[in-house]
Every structure is written in structure tokens, then in C-alpha cells.
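Engineer: This is the structure, below, for whatever I ask next.
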Amino acid sequence: MDAASAASQVRLMGFDVDGVMTDGSLYFTPNGEELKVFSSLDGHGLKMLQTAGVEVVIISGRSSRALELRAANLGIRELHMGVEDKRACMRSLLEARRLPPSAAGYMGDDVVDLPILRACGFSAAPADAHEFVRRHVCHVARNAGGRGAVREVCDFLLASQDRLDAMLAAYLA
């Protein structure tokens, strides 16, 4: 199945954080507080996905207050942090919604994401993802993590579901 066909079936889209929603850099204050930089373009893409009826979830191996705040700001209720087995987390989410794996997508950037990427019907990675990961996903974004890759994948999903043009046209009205 090609990437657009796989993307057309997605009803639940998951995202990694470091290297996907951010550029992967880790910033710490002298007090040990973690700082993250997020793209507003990516954020609007995530909101558009939600408006179109695609549930957005975040499944991250790391935990941070900055991520909690960003998820709340975007209205993302399914935030899973500190997850060691992302594939099991996605499987649980799908079972709770009675969705098949073909209805799930995930975007990750490193080899630790491969089990969940391969368990979903649609998978994506940013342009600067690990080379091995890029070889094993359905779609590789042209943009880097934290630099519009998430927005590009959101637009790709919406276009594959024939919803992007109508959503963008609303901004011209």
C-alpha cells in the first residue's frame, strides 16, 4: 500500500516529541528544569488534524512539564510520557477505541521508535531522522524535526483524506 492510501485510513495519529515535535536538542536550566522549543506551524497542523476528526496522541519516552503545557495548549488529551514500550501503549489505545492497526499512524525519528512505527498502518519520520528509520517508514517529511515536519505530515494526512483543500479554503473566505 502506498503512503497516501495508508494515510487515508488514519483515525488516530501518534507523535514522538524529541526530534519530531522539537529539533531533538535538550535544554536544561541550572535548576534542572527541561526546556523545549516547539513550532507554531506544527501546532496548527495538529489542531487541524483534530478539527478533521483525527485523534492526536503523544507517546514519548521522556517526561517534561514543558510537554504537559504544550499538549494542554493544543487540546491533546492523550499524553503518554515516560513510555518504554510505545508499541504496547499504541496497542492499548487502539483496543480501547476498537480500531485496527491500519487506522493508526505514528511519527518518530530514532530506532527506538521502529517497533511502534512498524505496528501502525501509516508511519512517518522527519527529514533528519536516523537513516535506518527513514528507510522503514511510509513517508519521510522534507522538513526537519521541530522545523515543520509535523505540519507537513498533518497536511499529508489531511490531503490523503481529501480534507486539506476545504480546510485551507476556509482561511480565504
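Labels for the C-alpha cells follow display order: chains A, B, ..., residues from 1 in each chain, ligands from 1.
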Near segment 114-118 of chain A, within 7 Å and counting only C-alpha atoms, which residues show up once chain neighbours fewer than 6 positions away are dropped, as a list of chain:residue names?
Structural biologist: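 Selected residues are A:Lys86, A:Arg87, A:Tyr106, A:Val133, A:Val137.
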Engineer: May I have the residues within 7 Å of segment 34-46 of chain A as a list in words, using only C-alpha atoms and disregarding those fewer than 3 positions away in the same chain?
Structural biologist: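 Residues near the query, excluding close chain neighbours: Met21, Thr22, Tyr27, Phe28, Thr29, Leu49, Gln50, Ser64, Ala66, Leu74, Gly146, Arg147, Gly148, Val150, Arg151, Cys154 and Asp155 of chain A.
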Engineer: From segment 12-134 of chain A, collect each residue whose DSSP state is alpha helix (DSSP H) and return the set as an MDAnalysis selection string.
Structural biologist: chainID A and resid 40:51 65:74 86:97 114:119 131:134
Engineer: Kindly give the distance, in Å, that separates atom CA of Leu69 of chain A and atom CA of Met81 of chain A, rounded to a single decimal.
Structural biologist: 12.6 Å
Engineer: Interatomic distance between atom CA of Leu67 of chain A and atom CA of Met13 of chain A?
Structural biologist: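 The value is 17.1 Å.
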